[in-house]
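Here's start07.txt, which has compact mmCIF, N, CA and C atoms and all ligand atoms:
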```
# COMPACT_ATOMS: atom_id res chain seq x y z
N MET A 1297 -82.01 47.51 26.96
CA MET A 1297 -81.43 47.88 28.25
C MET A 1297 -81.90 46.89 29.32
N THR A 1298 -80.96 46.15 29.91
CA THR A 1298 -81.34 45.19 30.95
C THR A 1298 -81.59 45.94 32.26
N GLN A 1299 -82.71 45.63 32.88
CA GLN A 1299 -83.10 46.29 34.12
C GLN A 1299 -83.59 45.23 35.11
N ARG A 1300 -83.84 45.68 36.34
CA ARG A 1300 -84.59 44.83 37.27
C ARG A 1300 -85.72 45.64 37.88
N THR A 1301 -86.78 44.95 38.26
CA THR A 1301 -87.94 45.62 38.84
C THR A 1301 -88.47 44.81 40.00
N LEU A 1302 -89.14 45.50 40.92
CA LEU A 1302 -89.72 44.84 42.09
C LEU A 1302 -91.22 44.72 41.86
N VAL A 1303 -91.70 43.48 41.91
CA VAL A 1303 -93.11 43.20 41.64
C VAL A 1303 -93.74 42.60 42.88
N ILE A 1304 -94.94 43.06 43.22
CA ILE A 1304 -95.70 42.46 44.32
C ILE A 1304 -97.05 42.01 43.77
N LEU A 1305 -97.37 40.73 43.96
CA LEU A 1305 -98.72 40.24 43.69
C LEU A 1305 -99.49 40.45 44.99
N LYS A 1306 -100.46 41.36 44.93
CA LYS A 1306 -101.12 41.87 46.14
C LYS A 1306 -102.02 40.82 46.77
N PRO A 1307 -102.50 41.06 48.01
CA PRO A 1307 -103.28 40.02 48.72
C PRO A 1307 -104.50 39.53 47.95
N ASP A 1308 -105.12 40.39 47.13
CA ASP A 1308 -106.28 39.94 46.35
C ASP A 1308 -105.87 38.89 45.33
N ALA A 1309 -104.70 39.05 44.72
CA ALA A 1309 -104.22 38.08 43.73
C ALA A 1309 -103.96 36.73 44.38
N VAL A 1310 -103.38 36.75 45.59
CA VAL A 1310 -103.10 35.48 46.30
C VAL A 1310 -104.42 34.84 46.74
N ARG A 1311 -105.31 35.63 47.35
CA ARG A 1311 -106.60 35.10 47.82
C ARG A 1311 -107.42 34.47 46.70
N ARG A 1312 -107.35 35.09 45.53
CA ARG A 1312 -108.18 34.63 44.41
C ARG A 1312 -107.49 33.55 43.56
N GLY A 1313 -106.31 33.14 43.96
CA GLY A 1313 -105.64 32.07 43.22
C GLY A 1313 -105.18 32.49 41.84
N LEU A 1314 -104.77 33.76 41.71
CA LEU A 1314 -104.36 34.27 40.40
C LEU A 1314 -102.85 34.42 40.25
N THR A 1315 -102.09 33.97 41.26
CA THR A 1315 -100.64 34.22 41.18
C THR A 1315 -100.01 33.44 40.02
N GLY A 1316 -100.42 32.20 39.82
CA GLY A 1316 -99.86 31.40 38.73
C GLY A 1316 -100.13 32.05 37.38
N GLU A 1317 -101.35 32.49 37.20
CA GLU A 1317 -101.75 33.16 35.96
C GLU A 1317 -100.92 34.42 35.71
N ILE A 1318 -100.73 35.20 36.74
CA ILE A 1318 -99.98 36.46 36.57
C ILE A 1318 -98.49 36.17 36.34
N ILE A 1319 -97.95 35.22 37.12
CA ILE A 1319 -96.54 34.87 36.93
C ILE A 1319 -96.32 34.32 35.52
N SER A 1320 -97.27 33.54 35.01
CA SER A 1320 -97.14 33.01 33.64
C SER A 1320 -97.00 34.12 32.61
N ARG A 1321 -97.78 35.17 32.79
CA ARG A 1321 -97.72 36.28 31.81
C ARG A 1321 -96.34 36.92 31.82
N ILE A 1322 -95.76 37.03 33.01
CA ILE A 1322 -94.42 37.61 33.13
C ILE A 1322 -93.38 36.66 32.53
N GLU A 1323 -93.51 35.36 32.85
CA GLU A 1323 -92.53 34.38 32.37
C GLU A 1323 -92.54 34.24 30.85
N ARG A 1324 -93.71 34.46 30.24
CA ARG A 1324 -93.80 34.27 28.79
C ARG A 1324 -93.08 35.34 27.99
N LYS A 1325 -92.79 36.48 28.62
CA LYS A 1325 -92.07 37.53 27.89
C LYS A 1325 -90.64 37.05 27.63
N ALA A 1326 -90.22 37.17 26.39
CA ALA A 1326 -88.91 36.64 25.98
C ALA A 1326 -87.79 37.29 26.78
N GLY A 1327 -86.96 36.45 27.38
CA GLY A 1327 -85.75 36.95 28.01
C GLY A 1327 -85.90 37.48 29.44
N TRP A 1328 -87.14 37.56 29.93
CA TRP A 1328 -87.29 38.02 31.31
C TRP A 1328 -87.09 36.84 32.27
N GLN A 1329 -86.46 37.12 33.40
CA GLN A 1329 -86.18 36.09 34.40
C GLN A 1329 -86.68 36.54 35.76
N ILE A 1330 -87.34 35.64 36.48
CA ILE A 1330 -87.65 35.89 37.89
C ILE A 1330 -86.43 35.47 38.68
N THR A 1331 -85.79 36.41 39.38
CA THR A 1331 -84.53 36.10 40.06
C THR A 1331 -84.69 36.06 41.58
N ALA A 1332 -85.87 36.41 42.07
CA ALA A 1332 -86.20 36.21 43.49
C ALA A 1332 -87.71 36.09 43.57
N LEU A 1333 -88.19 35.25 44.50
CA LEU A 1333 -89.64 35.08 44.64
C LEU A 1333 -89.93 34.58 46.04
N GLU A 1334 -90.85 35.25 46.73
CA GLU A 1334 -91.15 34.86 48.11
C GLU A 1334 -92.60 35.17 48.45
N LEU A 1335 -93.25 34.22 49.12
CA LEU A 1335 -94.58 34.47 49.69
C LEU A 1335 -94.38 35.01 51.10
N ARG A 1336 -94.92 36.18 51.38
CA ARG A 1336 -94.78 36.70 52.74
C ARG A 1336 -95.92 37.67 53.08
N THR A 1337 -96.16 37.81 54.39
CA THR A 1337 -97.15 38.77 54.86
C THR A 1337 -96.41 40.03 55.30
N LEU A 1338 -96.80 41.17 54.74
CA LEU A 1338 -96.06 42.41 54.98
C LEU A 1338 -96.57 43.12 56.23
N ASP A 1339 -95.64 43.65 57.03
CA ASP A 1339 -96.06 44.40 58.22
C ASP A 1339 -96.03 45.91 57.92
N THR A 1340 -96.57 46.68 58.87
CA THR A 1340 -96.71 48.13 58.67
C THR A 1340 -95.37 48.79 58.39
N GLU A 1341 -94.33 48.31 59.06
CA GLU A 1341 -93.01 48.94 58.93
C GLU A 1341 -92.51 48.89 57.47
N ILE A 1342 -92.60 47.72 56.88
CA ILE A 1342 -92.10 47.58 55.50
C ILE A 1342 -93.04 48.29 54.52
N LEU A 1343 -94.34 48.26 54.83
CA LEU A 1343 -95.29 48.94 53.94
C LEU A 1343 -95.12 50.45 53.96
N GLU A 1344 -94.78 50.99 55.13
CA GLU A 1344 -94.53 52.44 55.22
C GLU A 1344 -93.32 52.83 54.38
N GLN A 1345 -92.30 51.98 54.40
CA GLN A 1345 -91.14 52.26 53.55
C GLN A 1345 -91.53 52.22 52.07
N HIS A 1346 -92.30 51.20 51.74
CA HIS A 1346 -92.63 50.98 50.33
C HIS A 1346 -93.56 52.05 49.78
N TYR A 1347 -94.63 52.36 50.52
CA TYR A 1347 -95.65 53.29 50.02
C TYR A 1347 -95.57 54.66 50.70
N GLY A 1348 -94.42 55.00 51.27
CA GLY A 1348 -94.25 56.27 51.98
C GLY A 1348 -94.62 57.50 51.17
N GLU A 1349 -94.40 57.43 49.84
CA GLU A 1349 -94.71 58.58 48.97
C GLU A 1349 -96.20 58.95 49.04
N HIS A 1350 -97.05 58.01 49.45
CA HIS A 1350 -98.49 58.26 49.46
C HIS A 1350 -99.01 58.66 50.85
N LYS A 1351 -98.12 58.75 51.84
CA LYS A 1351 -98.56 59.09 53.20
C LYS A 1351 -99.30 60.42 53.20
N GLY A 1352 -100.45 60.47 53.88
CA GLY A 1352 -101.26 61.69 53.92
C GLY A 1352 -102.37 61.72 52.88
N LYS A 1353 -102.27 60.88 51.85
CA LYS A 1353 -103.34 60.83 50.85
C LYS A 1353 -104.53 60.05 51.42
N PRO A 1354 -105.74 60.36 50.94
CA PRO A 1354 -106.94 59.70 51.51
C PRO A 1354 -106.93 58.18 51.36
N PHE A 1355 -106.27 57.66 50.34
CA PHE A 1355 -106.28 56.21 50.15
C PHE A 1355 -105.17 55.49 50.90
N TYR A 1356 -104.30 56.26 51.61
CA TYR A 1356 -103.12 55.65 52.23
C TYR A 1356 -103.46 54.61 53.30
N GLU A 1357 -104.30 54.99 54.28
CA GLU A 1357 -104.60 54.07 55.39
C GLU A 1357 -105.33 52.81 54.89
N PRO A 1358 -106.38 52.96 54.06
CA PRO A 1358 -107.01 51.75 53.51
C PRO A 1358 -106.04 50.89 52.69
N LEU A 1359 -105.11 51.54 51.99
CA LEU A 1359 -104.11 50.79 51.21
C LEU A 1359 -103.22 49.98 52.14
N MET A 1360 -102.79 50.60 53.26
CA MET A 1360 -101.95 49.89 54.23
C MET A 1360 -102.69 48.66 54.77
N GLY A 1361 -103.96 48.86 55.14
CA GLY A 1361 -104.75 47.76 55.70
C GLY A 1361 -104.92 46.63 54.69
N PHE A 1362 -105.20 47.01 53.46
CA PHE A 1362 -105.36 46.00 52.40
C PHE A 1362 -104.06 45.23 52.17
N MET A 1363 -102.95 45.95 52.08
CA MET A 1363 -101.68 45.29 51.74
C MET A 1363 -101.20 44.36 52.85
N ALA A 1364 -101.68 44.60 54.09
CA ALA A 1364 -101.31 43.74 55.22
C ALA A 1364 -102.36 42.66 55.48
N SER A 1365 -103.39 42.58 54.64
CA SER A 1365 -104.54 41.72 54.94
C SER A 1365 -104.33 40.25 54.63
N GLY A 1366 -103.21 39.91 54.05
CA GLY A 1366 -102.92 38.51 53.73
C GLY A 1366 -101.59 38.43 53.03
N PRO A 1367 -101.15 37.20 52.77
CA PRO A 1367 -99.84 37.06 52.13
C PRO A 1367 -99.81 37.65 50.72
N VAL A 1368 -98.62 38.09 50.34
CA VAL A 1368 -98.36 38.58 48.99
C VAL A 1368 -97.19 37.78 48.41
N VAL A 1369 -97.02 37.87 47.12
CA VAL A 1369 -95.84 37.29 46.47
C VAL A 1369 -94.96 38.46 46.04
N VAL A 1370 -93.73 38.49 46.56
CA VAL A 1370 -92.78 39.54 46.21
C VAL A 1370 -91.72 38.95 45.29
N MET A 1371 -91.43 39.65 44.20
CA MET A 1371 -90.50 39.12 43.20
C MET A 1371 -89.56 40.19 42.70
N ILE A 1372 -88.37 39.76 42.28
CA ILE A 1372 -87.52 40.58 41.42
C ILE A 1372 -87.59 39.96 40.03
N VAL A 1373 -87.84 40.80 39.04
CA VAL A 1373 -87.85 40.33 37.65
C VAL A 1373 -86.78 41.13 36.89
N GLU A 1374 -85.99 40.42 36.13
CA GLU A 1374 -84.90 41.07 35.40
C GLU A 1374 -85.06 40.84 33.91
N GLY A 1375 -84.66 41.83 33.11
CA GLY A 1375 -84.68 41.64 31.66
C GLY A 1375 -84.77 42.95 30.91
N GLU A 1376 -84.89 42.82 29.62
CA GLU A 1376 -84.92 43.96 28.70
C GLU A 1376 -86.15 44.83 28.97
N ARG A 1377 -85.95 46.09 29.29
CA ARG A 1377 -87.02 47.09 29.49
C ARG A 1377 -88.12 46.57 30.41
N VAL A 1378 -87.70 45.84 31.45
CA VAL A 1378 -88.68 45.15 32.31
C VAL A 1378 -89.49 46.12 33.18
N ILE A 1379 -88.94 47.29 33.49
CA ILE A 1379 -89.66 48.24 34.35
C ILE A 1379 -90.91 48.74 33.63
N GLU A 1380 -90.71 49.30 32.45
CA GLU A 1380 -91.84 49.75 31.63
C GLU A 1380 -92.71 48.55 31.23
N GLY A 1381 -92.06 47.41 30.99
CA GLY A 1381 -92.76 46.24 30.48
C GLY A 1381 -93.76 45.65 31.46
N VAL A 1382 -93.38 45.52 32.73
CA VAL A 1382 -94.34 44.96 33.70
C VAL A 1382 -95.46 45.96 33.98
N ARG A 1383 -95.13 47.26 33.99
CA ARG A 1383 -96.20 48.28 34.14
C ARG A 1383 -97.20 48.16 32.98
N ALA A 1384 -96.69 47.88 31.78
CA ALA A 1384 -97.59 47.73 30.62
C ALA A 1384 -98.44 46.47 30.75
N LEU A 1385 -97.86 45.38 31.21
CA LEU A 1385 -98.64 44.15 31.44
C LEU A 1385 -99.71 44.40 32.50
N ALA A 1386 -99.39 45.19 33.52
CA ALA A 1386 -100.34 45.45 34.62
C ALA A 1386 -101.51 46.31 34.17
N GLY A 1387 -101.21 47.35 33.38
CA GLY A 1387 -102.24 48.31 32.99
C GLY A 1387 -102.35 49.43 34.00
N PRO A 1388 -103.17 50.45 33.72
CA PRO A 1388 -103.30 51.60 34.61
C PRO A 1388 -103.85 51.23 35.99
N THR A 1389 -103.63 52.14 36.95
CA THR A 1389 -103.99 51.89 38.35
C THR A 1389 -105.46 51.49 38.52
N ASP A 1390 -106.36 52.18 37.82
CA ASP A 1390 -107.80 51.89 37.93
C ASP A 1390 -108.16 50.75 36.98
N PRO A 1391 -108.52 49.59 37.52
CA PRO A 1391 -108.76 48.42 36.67
C PRO A 1391 -109.87 48.62 35.65
N ILE A 1392 -110.82 49.49 35.95
CA ILE A 1392 -111.90 49.72 34.99
C ILE A 1392 -111.38 50.52 33.78
N ALA A 1393 -110.37 51.34 34.02
CA ALA A 1393 -109.74 52.09 32.92
C ALA A 1393 -108.71 51.25 32.17
N ALA A 1394 -108.33 50.11 32.74
CA ALA A 1394 -107.30 49.26 32.15
C ALA A 1394 -107.90 48.41 31.02
N ALA A 1395 -107.17 48.31 29.93
CA ALA A 1395 -107.69 47.57 28.78
C ALA A 1395 -107.77 46.07 29.08
N PRO A 1396 -108.80 45.41 28.54
CA PRO A 1396 -108.81 43.94 28.57
C PRO A 1396 -107.53 43.44 27.92
N GLY A 1397 -106.97 42.36 28.49
CA GLY A 1397 -105.67 41.89 28.02
C GLY A 1397 -104.57 42.27 28.99
N SER A 1398 -104.79 43.33 29.75
CA SER A 1398 -103.84 43.66 30.82
C SER A 1398 -104.28 42.93 32.09
N ILE A 1399 -103.37 42.78 33.04
CA ILE A 1399 -103.68 42.04 34.27
C ILE A 1399 -104.81 42.74 35.04
N ARG A 1400 -104.66 44.04 35.23
CA ARG A 1400 -105.71 44.77 35.97
C ARG A 1400 -106.99 44.82 35.15
N GLY A 1401 -106.88 44.96 33.85
CA GLY A 1401 -108.06 45.03 32.98
C GLY A 1401 -108.81 43.71 32.93
N ASP A 1402 -108.10 42.62 33.03
CA ASP A 1402 -108.77 41.31 32.96
C ASP A 1402 -109.38 40.89 34.29
N TYR A 1403 -108.76 41.27 35.41
CA TYR A 1403 -109.17 40.68 36.69
C TYR A 1403 -109.64 41.67 37.74
N GLY A 1404 -109.45 42.97 37.54
CA GLY A 1404 -109.72 43.93 38.60
C GLY A 1404 -110.99 44.73 38.40
N VAL A 1405 -111.52 45.25 39.50
CA VAL A 1405 -112.67 46.15 39.47
C VAL A 1405 -112.39 47.36 40.39
N ILE A 1406 -111.88 47.07 41.59
CA ILE A 1406 -111.68 48.10 42.62
C ILE A 1406 -110.28 48.70 42.47
N VAL A 1407 -110.17 50.03 42.59
CA VAL A 1407 -108.87 50.69 42.40
C VAL A 1407 -107.83 50.14 43.37
N ARG A 1408 -108.21 50.01 44.64
CA ARG A 1408 -107.24 49.55 45.64
C ARG A 1408 -106.83 48.10 45.37
N GLU A 1409 -107.78 47.27 45.04
CA GLU A 1409 -107.51 45.83 44.87
C GLU A 1409 -107.18 45.55 43.41
N ASN A 1410 -106.03 46.08 43.00
CA ASN A 1410 -105.67 46.02 41.58
C ASN A 1410 -104.55 45.03 41.29
N LEU A 1411 -104.41 44.03 42.18
CA LEU A 1411 -103.69 42.79 41.91
C LEU A 1411 -102.17 42.82 41.92
N ILE A 1412 -101.58 43.90 41.42
CA ILE A 1412 -100.13 43.86 41.20
C ILE A 1412 -99.51 45.23 41.42
N HIS A 1413 -98.33 45.24 42.02
CA HIS A 1413 -97.47 46.42 42.05
C HIS A 1413 -96.25 46.15 41.19
N ALA A 1414 -95.79 47.16 40.48
CA ALA A 1414 -94.50 47.07 39.78
C ALA A 1414 -93.81 48.42 39.86
N SER A 1415 -92.51 48.42 40.10
CA SER A 1415 -91.74 49.66 40.22
C SER A 1415 -91.98 50.55 39.01
N ASP A 1416 -92.00 51.88 39.25
CA ASP A 1416 -92.35 52.80 38.17
C ASP A 1416 -91.16 53.51 37.53
N SER A 1417 -89.94 53.25 38.03
CA SER A 1417 -88.74 53.89 37.45
C SER A 1417 -87.51 53.11 37.94
N GLU A 1418 -86.36 53.39 37.35
CA GLU A 1418 -85.14 52.72 37.80
C GLU A 1418 -84.84 53.07 39.25
N GLU A 1419 -85.07 54.33 39.62
CA GLU A 1419 -84.81 54.77 41.00
C GLU A 1419 -85.73 54.02 41.97
N SER A 1420 -87.02 53.94 41.63
CA SER A 1420 -87.96 53.21 42.49
C SER A 1420 -87.57 51.74 42.57
N ALA A 1421 -87.19 51.16 41.46
CA ALA A 1421 -86.84 49.73 41.45
C ALA A 1421 -85.67 49.45 42.40
N GLU A 1422 -84.63 50.27 42.33
CA GLU A 1422 -83.47 50.06 43.21
C GLU A 1422 -83.85 50.24 44.67
N ARG A 1423 -84.65 51.28 44.95
CA ARG A 1423 -85.11 51.54 46.32
C ARG A 1423 -85.94 50.37 46.84
N GLU A 1424 -86.86 49.89 46.01
CA GLU A 1424 -87.79 48.84 46.45
C GLU A 1424 -87.10 47.47 46.56
N VAL A 1425 -86.17 47.17 45.68
CA VAL A 1425 -85.42 45.92 45.80
C VAL A 1425 -84.70 45.89 47.15
N LYS A 1426 -84.11 47.02 47.54
CA LYS A 1426 -83.38 47.08 48.82
C LYS A 1426 -84.31 46.89 50.01
N ILE A 1427 -85.56 47.38 49.89
CA ILE A 1427 -86.52 47.23 50.98
C ILE A 1427 -86.89 45.75 51.16
N PHE A 1428 -87.20 45.08 50.07
CA PHE A 1428 -87.76 43.73 50.17
C PHE A 1428 -86.71 42.62 50.12
N PHE A 1429 -85.60 42.89 49.46
CA PHE A 1429 -84.52 41.90 49.37
C PHE A 1429 -83.20 42.59 49.68
N PRO A 1430 -82.97 42.92 50.97
CA PRO A 1430 -81.76 43.70 51.32
C PRO A 1430 -80.48 43.04 50.86
N GLY A 1431 -80.47 41.73 50.78
CA GLY A 1431 -79.28 41.02 50.32
C GLY A 1431 -78.97 41.23 48.85
N ARG A 1432 -79.93 41.75 48.10
CA ARG A 1432 -79.75 41.94 46.65
C ARG A 1432 -79.43 43.38 46.31
N GLY A 1433 -79.22 44.20 47.35
CA GLY A 1433 -78.97 45.64 47.13
C GLY A 1433 -77.77 45.88 46.24
P1 LIG A 1501 -98.52 50.54 42.62
O1 LIG A 1501 -97.68 51.65 43.25
O2 LIG A 1501 -99.20 49.66 43.63
O3 LIG A 1501 -97.72 49.78 41.61
O4 LIG A 1501 -99.71 51.20 41.77
P2 LIG A 1501 -99.68 52.48 40.84
O5 LIG A 1501 -98.28 53.01 40.71
O6 LIG A 1501 -100.43 52.11 39.60
O7 LIG A 1501 -100.58 53.49 41.66
P3 LIG A 1501 -100.18 54.52 42.83
O8 LIG A 1501 -100.73 55.84 42.45
O9 LIG A 1501 -98.72 54.42 43.16
O10 LIG A 1501 -101.06 53.99 44.04
C1 LIG A 1501 -100.60 52.92 44.83
C2 LIG A 1501 -101.74 51.97 45.09
O11 LIG A 1501 -102.69 52.59 45.98
C3 LIG A 1501 -103.99 52.12 45.69
N1 LIG A 1501 -104.82 53.26 45.35
N2 LIG A 1501 -106.04 53.39 45.78
N3 LIG A 1501 -108.16 56.20 44.95
C4 LIG A 1501 -107.85 55.05 45.52
O12 LIG A 1501 -108.61 54.40 46.18
C5 LIG A 1501 -106.51 54.55 45.28
N4 LIG A 1501 -105.56 55.14 44.56
C6 LIG A 1501 -104.49 54.32 44.61
C7 LIG A 1501 -103.86 51.14 44.53
O13 LIG A 1501 -103.71 49.82 45.10
C8 LIG A 1501 -102.58 51.60 43.88
O14 LIG A 1501 -102.03 50.57 43.09
MG MG A 1502 -97.05 53.42 42.41
```
I'd like the structure from this file rewritten - as structure tokens, please.
Ligand code: RTP
Ligand code: MG
Amino acid sequence: MTQRTLVILKPDAVRRGLTGEIISRIERKAGWQITALELRTLDTEILEQHYGEHKGKPFYEPLMGFMASGPVVVMIVEGERVIEGVRALAGPTDPIAAAPGSIRGDYGVIVRENLIHASDSEESAEREVKIFFPGRG
């Protein structure tokens, strides 16, 4: 099933010079294509749209501050089962719980600074693509 997903390489990934490494892992998967890619600094307005589901949770405000703390790489990736696939490459939210070999498991320690976002369902992917790349809606 061909899908598309919205991926964000978070400010920690950009600051630490890990974007090439992470993009390589995505590119190496057979048949997946990066169809949009942009370096940008996210403002509160776009972050509220993106992470609105978490508003009111204790980690929400620190997450907003972190996500606005420097440039991120925003991408659309398309291909076979790419939504589940990029989530699998990323590993679970808590990097310490993430297996070595996954992006979060290899490079992360702090739950908030877990390097990568990837849409968690087809509905989320369509919603998030429209937020970050309105022309691709
Ligand atoms: P994401 O939305 O960024 O792809 O990550 P996710 O689905 O794996 O995790 P989610 O529950 O949606 O949480 C969104 C992001 O918030 C930060 N977070 N911090 N307890 C905490 O300090 C905490 N919990 C979540 C992480 O950056 C997480 O990826
Ligand atoms: Mg999430």
Nearby polymer residues, ligand LIG 1501 (chain A), at most 6 Å, only C-alpha atoms and all ligand atoms, as a CSV table (one decimal) with N, CA and C atoms, in the coordinates of the input:
```
chain,number,residue,atom,x,y,z
A,1355,PHE,N,-106.3,57.7,50.3
A,1355,PHE,CA,-106.3,56.2,50.2
A,1355,PHE,C,-105.2,55.5,50.9
A,1359,LEU,N,-105.1,51.5,52.0
A,1359,LEU,CA,-104.1,50.8,51.2
A,1359,LEU,C,-103.2,50.0,52.1
A,1388,PRO,N,-103.2,50.4,33.7
A,1388,PRO,CA,-103.3,51.6,34.6
A,1388,PRO,C,-103.8,51.2,36.0
A,1389,THR,N,-103.6,52.1,37.0
A,1389,THR,CA,-104.0,51.9,38.4
A,1389,THR,C,-105.5,51.5,38.5
A,1407,VAL,N,-110.2,50.0,42.6
A,1407,VAL,CA,-108.9,50.7,42.4
A,1407,VAL,C,-107.8,50.1,43.4
A,1408,ARG,N,-108.2,50.0,44.6
A,1408,ARG,CA,-107.2,49.6,45.6
A,1408,ARG,C,-106.8,48.1,45.4
A,1409,GLU,N,-107.8,47.3,45.0
A,1409,GLU,CA,-107.5,45.8,44.9
A,1409,GLU,C,-107.2,45.6,43.4
A,1410,ASN,N,-106.0,46.1,43.0
A,1410,ASN,CA,-105.7,46.0,41.6
A,1410,ASN,C,-104.6,45.0,41.3
A,1413,HIS,N,-98.3,45.2,42.0
A,1413,HIS,CA,-97.5,46.4,42.0
A,1413,HIS,C,-96.2,46.2,41.2
A,1414,ALA,N,-95.8,47.2,40.5
A,1414,ALA,CA,-94.5,47.1,39.8
A,1414,ALA,C,-93.8,48.4,39.9
```
_Residue list (helix (DSSP H, G or I), DSSP) for chain A, as a PyMOL selection string_ = chain A and resi 1307-1311+1315-1324+1340-1350+1356-1363+1378-1386+1399-1403+1418-1428+1430-1432
*Output as JSON, numbers by chain all residues of chain A that backbone DSSP marks as strand (DSSP E or B).*
{"A": [1298, 1299, 1300, 1301, 1302, 1303, 1304, 1305, 1329, 1330, 1331, 1332, 1333, 1334, 1335, 1336, 1368, 1369, 1370, 1371, 1372, 1373, 1374, 1375, 1376, 1396, 1398, 1412, 1413, 1414]}
*Could you jot down the atom CA of A:Ala1386 to atom CA of A:Arg1311 separation for me, Å, one decimal place?*
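If I compute the distance from atom CA of A:Ala1386 to atom CA of A:Arg1311, I get 17.9 Å.
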Grab all the atoms of stretch 1334-1347 of chain A that the file lists, wrap them in a box along x, y and z, add 5 Å per side, and give me centre plus edge lengths in Å (one decimal) as JSON.
```
{"center_x": -94.0, "center_y": 44.4, "center_z": 52.9, "size_x": 16.3, "size_y": 30.4, "size_z": 22.3}
```
*Hey, can you check how far atom N of A:Arg1324 sits from atom N of A:Arg1336?*
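These two atoms are separated by 21.2 Å.
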_Between atom CA of A:Tyr1403 and atom C of A:Pro1391, distance in Å (one decimal)_ =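 The value is 8.0 Å.
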*asked:* So, with all atoms listed in the file as the atoms that count, which of A:Trp1328, A:Phe1428, A:Tyr1347, A:Phe1362 lies closest to ligand MG 1502 (chain A)?
replied: A:Tyr1347
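When only C-alpha atoms and all ligand atoms are used to compute distances to ligand MG 1502 (chain A), the closest of the residues A:Glu1418, A:Ser1398, A:Leu1385, A:Glu1349 turns out to be A:Glu1349.
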*Looking at only C-alpha atoms, which of A:Leu1343, A:Ile1399, A:Ala1393, A:Ala1421 is the one that sits closest to A:Ile1319?*
A:Ile1399
*Counting only N, CA and C atoms and all ligand atoms, figure out which residue out of A:Gln1299, A:Ser1365, A:Lys1426, A:Ser1415 gets nearest to ligand MG 1502 (chain A).*
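Ranking A:Gln1299, A:Ser1365, A:Lys1426, A:Ser1415 by distance to ligand MG 1502 (chain A), first place goes to A:Ser1415.
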*Which residues come within 8 Å of A:Ser1417, counting all atoms listed in the file, excluding same-chain residues fewer than 2 positions away, as a list in words?*
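In the requested form, the answer reads Arg1300, Thr1301, Ile1379, Glu1380, Ala1414, Ser1415, Glu1419, Ser1420, Ala1421, Glu1422 and Arg1423 of chain A.
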*Write out as an MDAnalysis selection string each polymer residue whose atoms come within 8 Å of A:Val1310, counting only N, CA and C atoms; drop sequence neighbours fewer than 3 positions from it.*
chainID A and resid 1305:1307 1313:1316 1366:1369 1411
_Nearest to ligand MG 1502 (chain A) by atom-to-atom distance, counting only C-alpha atoms and all ligand atoms, from A:Arg1383, A:Arg1377, A:Lys1325, A:Lys1353_ = A:Arg1383
*For A:Glu1344, the nearest of the candidates A:Ala1364, A:Ile1318, A:Ile1392, A:Val1378, counting only C-alpha atoms*: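 Of A:Ala1364, A:Ile1318, A:Ile1392, A:Val1378, the one nearest A:Glu1344, counting only C-alpha atoms, is A:Ala1364.
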